[in-house]
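Structure data (mmCIF, C-alpha atoms and all ligand atoms) from protein.cif:
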data_entry
loop_
_atom_site.label_atom_id
_atom_site.label_comp_id
_atom_site.auth_asym_id
_atom_site.auth_seq_id
_atom_site.Cartn_x
_atom_site.Cartn_y
_atom_site.Cartn_z
CA MET D 1 116.11 163.51 63.05
CA PRO D 2 112.38 162.85 62.65
CA THR D 3 111.44 161.15 59.39
CA VAL D 4 108.63 163.59 58.62
CA ASP D 5 109.76 166.83 56.95
CA SER D 6 108.78 169.77 59.16
CA VAL D 7 108.02 172.28 56.37
CA GLN D 8 106.08 169.72 54.33
CA LEU D 9 103.97 168.96 57.38
CA VAL D 10 102.76 172.59 57.46
CA VAL D 11 101.72 172.27 53.81
CA ASP D 12 99.93 168.98 54.50
CA VAL D 13 98.12 170.22 57.61
CA VAL D 14 96.86 173.33 55.80
CA ALA D 15 95.85 171.25 52.75
CA GLU D 16 93.63 169.13 55.03
CA ARG D 17 91.72 172.31 55.99
CA THR D 18 89.92 173.17 52.78
CA ASN D 19 86.71 174.06 54.56
CA GLY D 20 85.47 174.38 58.11
CA ARG D 21 85.88 177.28 60.48
CA ASN D 22 89.70 177.34 60.55
CA ALA D 23 90.32 176.93 56.81
CA ALA D 24 90.62 180.63 56.02
CA PHE D 25 92.85 181.23 59.02
CA PHE D 26 95.32 178.47 58.16
CA ASN D 27 95.37 179.27 54.45
CA GLY D 28 96.07 182.90 55.30
CA ILE D 29 99.10 182.09 57.46
CA GLN D 30 100.52 179.09 55.59
CA GLN D 31 103.34 180.99 53.93
CA GLU D 32 104.57 182.71 57.09
CA TRP D 33 104.13 179.52 59.13
CA SER D 34 106.31 177.58 56.66
CA GLN D 35 108.92 180.35 56.74
CA ARG D 36 109.02 180.27 60.53
CA VAL D 37 109.50 176.50 60.53
CA GLN D 38 112.32 176.92 58.02
CA GLN D 39 113.84 179.62 60.26
CA TYR D 40 113.69 177.15 63.16
CA ILE D 41 115.62 174.58 61.12
CA ASP D 42 118.17 177.15 59.91
CA HIS D 43 118.91 178.25 63.51
CA GLY D 44 118.64 174.84 65.16
CA GLY D 45 115.66 175.98 67.25
CA SER D 46 117.86 178.43 69.11
CA PRO D 47 116.15 181.22 71.00
CA PRO D 48 116.42 184.19 70.52
CA LEU D 49 117.18 183.55 66.81
CA VAL D 50 113.80 181.87 66.47
CA THR D 51 111.33 184.55 67.46
CA ASN D 52 107.85 184.43 68.93
CA TRP D 53 104.94 185.04 66.61
CA THR D 54 102.86 187.61 68.42
CA ALA D 55 100.25 187.97 65.67
CA ILE D 56 98.96 184.42 66.23
CA GLN D 57 98.78 184.62 70.02
CA PRO D 58 94.98 185.08 70.05
CA ARG D 59 94.79 181.79 68.10
CA THR D 60 97.06 179.82 70.45
CA ASN D 61 94.35 177.26 71.19
CA THR D 62 93.68 176.70 67.50
CA PHE D 63 97.30 175.56 67.16
CA LEU D 64 97.37 173.60 70.41
CA ASN D 65 94.32 171.61 69.31
CA LEU D 66 96.32 170.30 66.36
CA TYR D 67 98.62 168.69 68.90
CA LEU D 68 96.22 167.87 71.73
CA SER D 69 93.36 166.37 69.69
CA PRO D 70 94.52 165.43 66.21
CA ALA D 71 92.11 163.52 63.99
CA GLU D 72 93.25 159.92 63.67
CA ASN D 73 94.41 159.95 60.08
CA SER D 74 95.52 163.56 59.99
CA ALA D 75 99.04 164.39 58.83
CA GLN D 76 100.13 165.53 62.30
CA GLY D 77 98.27 162.67 64.04
CA GLN D 78 100.26 160.10 62.05
CA MET D 79 103.50 161.99 62.68
CA LEU D 80 102.86 162.05 66.44
CA GLU D 81 101.97 158.37 66.46
CA THR D 82 105.22 157.52 64.65
CA MET D 83 107.31 159.62 67.01
CA ARG D 84 105.70 158.01 70.06
CA GLN D 85 106.60 154.55 68.72
CA HIS D 86 110.32 155.25 69.02
CA GLU D 87 112.71 152.55 70.21
CA LEU D 88 115.01 154.66 72.36
CA THR D 89 116.30 153.02 75.52
CA ILE D 90 117.77 156.19 76.99
CA CYS D 91 116.61 159.75 77.65
CA PRO D 92 118.36 161.98 75.09
CA ALA D 93 118.31 164.92 77.52
CA CYS D 94 119.92 163.36 80.61
CA GLY D 95 121.37 159.96 79.65
CA GLU D 96 119.35 157.92 82.15
CA LEU D 97 118.60 154.42 80.91
CA GLY D 98 114.97 153.52 80.35
CA ARG D 99 112.42 154.24 77.66
CA PRO D 100 111.56 157.95 77.69
CA ASN D 101 107.80 158.25 78.08
CA THR D 102 106.85 161.66 76.86
CA LEU D 103 107.43 163.90 73.87
CA ASP D 104 108.94 167.22 74.84
CA HIS D 105 108.59 170.48 72.92
CA TYR D 106 112.09 171.93 72.78
CA LEU D 107 110.49 175.38 72.43
CA PRO D 108 107.46 175.13 74.74
CA LYS D 109 104.13 174.85 72.97
CA ASN D 110 102.43 177.60 74.96
CA LEU D 111 105.08 180.17 74.07
CA TYR D 112 105.57 178.93 70.50
CA PRO D 113 102.20 177.40 69.56
CA HIS D 114 103.11 177.36 65.86
CA PHE D 115 105.85 174.78 66.65
CA CYS D 116 103.55 172.49 68.67
CA ILE D 117 103.38 169.97 65.78
CA THR D 118 106.79 170.71 64.25
CA PRO D 119 108.66 167.35 64.20
CA VAL D 120 112.12 168.90 64.75
CA ASN D 121 110.74 170.63 67.86
CA LEU D 122 109.63 167.32 69.37
CA PHE D 123 111.70 164.60 70.96
CA PRO D 124 111.29 161.86 73.54
CA MET D 125 112.22 162.80 77.11
CA CYS D 126 112.02 161.16 80.53
CA ASP D 127 109.50 162.40 83.10
CA ALA D 128 112.17 163.76 85.45
CA CYS D 129 113.70 165.91 82.71
CA GLN D 130 110.36 167.14 81.51
CA LEU D 131 109.31 168.15 85.01
CA ALA D 132 112.58 170.02 85.55
CA LYS D 133 112.50 171.67 82.12
CA GLY D 134 108.89 172.89 82.31
CA THR D 135 108.49 175.97 80.11
CA LYS D 136 112.05 177.20 80.57
CA VAL D 137 113.99 178.31 77.49
CA GLY D 138 116.78 180.60 78.68
CA ASP D 139 117.34 183.92 80.38
CA ALA D 140 119.07 187.24 79.70
CA GLN D 141 122.46 185.79 80.61
CA SER D 142 122.17 182.52 78.72
CA PRO D 143 119.45 182.84 76.08
CA ARG D 144 119.54 179.09 75.43
CA PHE D 145 119.63 176.69 78.39
CA PHE D 146 119.19 173.32 76.72
CA ILE D 147 120.96 171.01 74.32
CA HIS D 148 118.91 170.33 71.20
CA PRO D 149 119.24 166.62 70.44
CA TYR D 150 118.82 167.03 66.67
CA PHE D 151 121.15 169.97 66.12
CA ASP D 152 123.78 169.81 68.88
CA THR D 153 125.51 166.82 67.36
CA PHE D 154 128.65 167.37 69.45
CA VAL D 155 126.94 165.43 72.25
CA GLY D 156 127.53 162.29 70.16
CA GLU D 157 130.93 162.29 71.90
CA GLN D 158 131.33 161.93 75.65
CA VAL D 159 130.75 165.37 77.18
CA LEU D 160 130.19 164.46 80.83
CA CYS D 161 132.91 163.07 83.01
CA LEU D 162 132.92 161.86 86.54
CA GLU D 163 135.69 162.16 89.08
CA ILE D 164 135.83 159.56 91.83
CA ASN D 165 137.88 160.68 94.81
CA ALA D 166 139.35 158.58 97.62
CA PRO D 167 138.61 157.02 100.05
CA PHE D 168 137.46 154.40 97.57
CA ASP D 169 135.34 152.49 100.07
CA ALA D 170 133.16 155.65 100.45
CA PRO D 171 134.22 157.99 97.64
CA ALA D 172 133.15 161.50 96.73
CA PHE D 173 131.73 161.96 93.24
CA THR D 174 132.13 165.11 91.16
CA LEU D 175 130.37 165.33 87.84
CA GLY D 176 131.90 167.74 85.35
CA ILE D 177 132.43 168.19 81.65
CA VAL D 178 135.30 166.81 79.61
CA ASN D 179 138.30 169.01 78.81
CA GLY D 180 138.82 170.51 75.40
CA LEU D 181 135.22 171.31 74.51
CA ASP D 182 134.45 174.44 72.54
CA PRO D 183 133.67 177.15 75.20
CA SER D 184 130.18 177.77 73.83
CA HIS D 185 129.44 174.04 74.01
CA ALA D 186 130.81 173.89 77.55
CA ARG D 187 128.53 176.78 78.61
CA LEU D 188 125.54 175.08 77.04
CA ILE D 189 126.22 171.82 78.85
CA ARG D 190 126.62 173.63 82.18
CA SER D 191 123.26 175.38 81.86
CA HIS D 192 121.64 172.16 80.61
CA MET D 193 122.96 170.22 83.62
CA ARG D 194 122.00 172.94 86.08
CA GLU D 195 118.45 173.44 84.78
CA LEU D 196 117.70 169.70 84.59
CA ALA D 197 119.31 169.07 88.02
CA ILE D 198 121.38 166.35 86.41
CA GLU D 199 124.17 166.20 89.01
CA ARG D 200 121.72 165.76 91.91
CA ARG D 201 119.89 163.03 89.99
CA TYR D 202 123.16 161.27 89.11
CA ALA D 203 124.38 161.30 92.73
CA SER D 204 122.25 158.46 94.09
CA PHE D 205 122.82 156.42 90.93
CA PHE D 206 126.60 156.70 91.40
CA ARG D 207 126.39 155.70 95.08
CA ASN D 208 124.36 152.62 94.15
CA GLN D 209 126.65 151.75 91.25
CA HIS D 210 129.64 152.04 93.56
CA ARG D 211 128.15 149.54 96.04
CA ARG D 212 127.35 147.23 93.14
CA LEU D 213 130.91 147.62 91.84
CA LEU D 214 132.44 146.56 95.16
CA ARG D 215 130.24 143.45 95.25
CA LEU D 216 131.13 142.65 91.64
CA VAL D 217 134.84 143.06 92.27
CA GLY D 218 134.57 140.80 95.34
CA ALA D 219 133.03 138.13 93.12
CA MET D 220 135.69 138.62 90.41
CA ARG D 221 138.48 138.18 92.91
CA ALA D 222 136.83 135.09 94.38
CA ALA D 223 136.76 133.63 90.86
CA SER D 224 140.43 134.64 90.26
CA GLN D 225 139.45 136.90 87.39
CA ASP D 226 141.56 139.77 86.08
CA VAL D 227 139.80 142.73 87.73
CA PRO D 228 141.11 145.59 85.49
CA GLN D 229 140.39 143.52 82.37
CA MET D 230 136.86 142.69 83.52
CA LEU D 231 136.13 146.36 84.30
CA MET D 232 137.30 147.38 80.83
CA THR D 233 134.90 144.81 79.38
CA ILE D 234 132.02 146.21 81.43
CA ARG D 235 132.85 149.71 80.20
CA GLN D 236 132.95 148.46 76.62
CA ALA D 237 129.51 146.90 77.05
CA ALA D 238 128.16 150.29 78.20
CA VAL D 239 129.27 152.13 75.02
CA GLU D 240 125.77 151.45 73.69
CA PRO D 241 123.40 153.27 73.73
CA SER D 242 125.46 156.40 74.44
CA LEU D 243 128.82 157.67 75.67
CA ASN D 244 126.83 159.98 77.96
CA ALA D 245 124.69 157.21 79.45
CA TRP D 246 125.06 157.10 83.23
CA ASP D 247 126.58 153.61 83.19
CA TYR D 248 129.25 154.52 80.66
CA VAL D 249 130.16 157.74 82.49
CA PHE D 250 130.54 155.73 85.72
CA TYR D 251 132.64 152.89 84.30
CA SER D 252 134.88 155.17 82.28
CA ALA D 253 135.59 157.14 85.50
CA VAL D 254 136.55 153.87 87.21
CA CYS D 255 138.74 152.59 84.36
CA ASP D 256 140.52 155.93 83.88
CA ASN D 257 141.41 156.21 87.56
CA PRO D 258 144.63 154.20 88.23
CA ASP D 259 144.38 154.70 92.02
CA MET D 260 140.88 153.29 92.07
CA ILE D 261 141.87 150.36 89.83
CA ASP D 262 144.71 149.65 92.23
CA TYR D 263 142.31 149.79 95.19
CA LEU D 264 139.81 147.48 93.50
CA THR D 265 142.53 145.02 92.50
CA ASN D 266 144.58 144.88 95.69
CA ALA D 267 143.03 146.56 98.72
CA GLN D 268 140.94 144.96 101.43
CA LEU D 269 137.31 145.52 100.39
CA PRO D 270 134.72 146.57 103.00
CA GLN D 271 133.03 143.59 104.66
CA TYR D 272 129.40 144.69 104.67
CA LEU D 273 128.05 146.15 101.45
ZN ZN R 301 115.97 162.62 81.12
#
Please express the file's structure as structure tokens.
Amino acid sequence: MPTVDSVQLVVDVVAERTNGRNAAFFNGIQQEWSQRVQQYIDHGGSPPLVTNWTAIQPRTNTFLNLYLSPAENSAQGQMLETMRQHELTICPACGELGRPNTLDHYLPKNLYPHFCITPVNLFPMCDACQLAKGTKVGDAQSPRFFIHPYFDTFVGEQVLCLEINAPFDAPAFTLGIVNGLDPSHARLIRSHMRELAIERRYASFFRNQHRRLLRLVGAMRAASQDVPQMLMTIRQAAVEPSLNAWDYVFYSAVCDNPDMIDYLTNAQLPQYL
């Protein structure tokens, strides 16, 4: 969760506008704006429970300017600066390792301009996810496509699982979701994966990791190391930063697959990798 309180930020931003051309506008809407931010928190940002605010549509740019060109020491400018200085090493939306470069608006800023500087509506995201997400929110069938990293805390557990199917020198990979999830959570993960094209993006990573694994296992055998034990250690090392990080999903699929462990321990490995 962001350290800055989202409702308090509305109060602070309006308080900074005591005169100037937008002062009357912001003072006039402060109460409803705060209520809408509180409604967002109460419903975890979930459309359609968090409604659009049609009355402020003509003033969309007035809101967007708060985000796009904040004064340096303004309340929202400092909040944005703090959020951009995060120390994440993984994209919270897809699990790819690497520092996520951008801040995403969970509810897009053009459709919900009054949430463009709401801290709980902002989180770091990788470029690939942001490009795929665009201004999508949901549709008639599934009103909410995406996992919200602050409110959908069930993704703290492993929710993605990989199946690796023989032949193990050139396996097929199937990415799915773990058994036993609440059906509404399972539906949310499916739409999240589909809309962010996560399986397609994982595919080349898994192929590369598989080649790397065969080389690693070759080296372990040459050094007379215990292959299953070593693989368990590699999986353990991938627990951080997340059980849904691509590396962890891959190594847990390997370790939980007795046929593959048997292949890696005993079979003739391909010569040219
Ligand atoms: Zn991502």
> For ligand ZN 301 (chain R), which residue out of D:Glu16, D:Asp262, D:Asp169, D:Glu195 is the nearest one, using all atoms listed in the file?
Replying inline: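 Comparing D:Glu16, D:Asp262, D:Asp169, D:Glu195 against ligand ZN 301 (chain R), the winner is D:Glu195.
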> Residues at most 12 Å from D:Met220, counting only C-alpha atoms, excluding those fewer than 4 positions away in the same chain, as a count of residues only?
Replying inline: 14
> With all atoms listed in the file as the basis for distance, which of D:Val249, D:Ile41, D:Ala237, D:Ala71 is at the shortest distance from D:Ile177?
Replying inline: D:Val249
>> For ligand ZN 301 (chain R), return the neighbouring residues as a ChimeraX atom specification (distance at most 8 Å; all atoms listed in the file).
In response: /D:90-96,100,125-130
>> I need the residue nearest D:Gly180 from this list: D:Asn22, D:Met193, D:Gln158, D:Ala75. Use only C-alpha atoms for the distance.
In response: D:Gln158
> So how many Å separate atom CA of D:Lys136 and atom CA of D:Tyr40, to one decimal?
Replying inline: 17.5 Å
>> I need every residue sitting at most 9 Å from the point (110.6, 160.0, 61.2) (coordinates as in the file, all atoms listed in the file considered), written as a PyMOL selection string.
In response: chain D and resi 1-5+79+82-83+119
> What's the 9 Å shell around D:Ala203, counting only C-alpha atoms, without same-chain residues fewer than 6 positions away, as a ChimeraX atom specification?
Replying inline: /D:173-175
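Nearest-residue note for D:Val11: choosing from D:Ile56, D:Thr118, D:Ser69, D:Ser46, the minimum distance belongs to D:Thr118, counting all atoms listed in the file.
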> Using all atoms listed in the file, which residue out of D:His185, D:Arg235, D:His192, D:Arg99 lies closest to D:Val137?
Replying inline: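 Nearest candidate to D:Val137 out of D:His185, D:Arg235, D:His192, D:Arg99: D:His192.
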> Which one is closest to D:Phe26: D:Arg190, D:Arg207, D:His43, D:Arg59? Count only C-alpha atoms.
Replying inline: D:Arg59
Within 9 Å of D:Ala166 using only C-alpha atoms, minus same-chain residues under 6 positions, as an mmCIF file with C-alpha atoms, in the coordinates of the input:
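The file below, part37.cif, is the result:
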data_model
loop_
_atom_site.group_PDB
_atom_site.id
_atom_site.type_symbol
_atom_site.label_atom_id
_atom_site.label_comp_id
_atom_site.auth_asym_id
_atom_site.auth_seq_id
_atom_site.Cartn_x
_atom_site.Cartn_y
_atom_site.Cartn_z
ATOM 1 C CA ALA D 172 133.150 161.500 96.730
ATOM 2 C CA ASP D 259 144.380 154.700 92.020
ATOM 3 C CA MET D 260 140.880 153.290 92.070
#
> atom CA of D:Pro167 and atom CA of D:Pro270 are how many Å apart?
Replying inline: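 Taking atom CA of D:Pro167 as the start and atom CA of D:Pro270 as the end point, the length is 11.5 Å.
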>> Show me, as a list in words, the residues that have an atom within 8 Å of stretch 51-55 of chain D when counting all atoms listed in the file, minus same-chain residues fewer than 4 positions from it.
In response: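 Counting only the stated atoms, we get Pro47, Leu111, Tyr112 and His114 of chain D.
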Any chance you could export the current selection's C-alpha atoms as an mmCIF file, keeping the file's coordinate frame?
data_model
loop_
_atom_site.group_PDB
_atom_site.id
_atom_site.type_symbol
_atom_site.label_atom_id
_atom_site.label_comp_id
_atom_site.auth_asym_id
_atom_site.auth_seq_id
_atom_site.Cartn_x
_atom_site.Cartn_y
_atom_site.Cartn_z
ATOM 1 C CA PRO D 47 116.150 181.220 71.000
ATOM 2 C CA LEU D 111 105.080 180.170 74.070
ATOM 3 C CA TYR D 112 105.570 178.930 70.500
ATOM 4 C CA HIS D 114 103.110 177.360 65.860
#
> If you count all atoms listed in the file, which residues fall within 8 Å of D:His105, apart from same-chain ones fewer than 2 positions away, as an NGL selection string?
Replying inline: :D and (103 or 107-109 or 116 or 121-123)
>> Between atom CA of D:Arg84 and atom CA of D:Leu68, what is the distance in Å, rounded to a tenth?
In response: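 Between atom CA of D:Arg84 and atom CA of D:Leu68 the gap works out to 13.8 Å.
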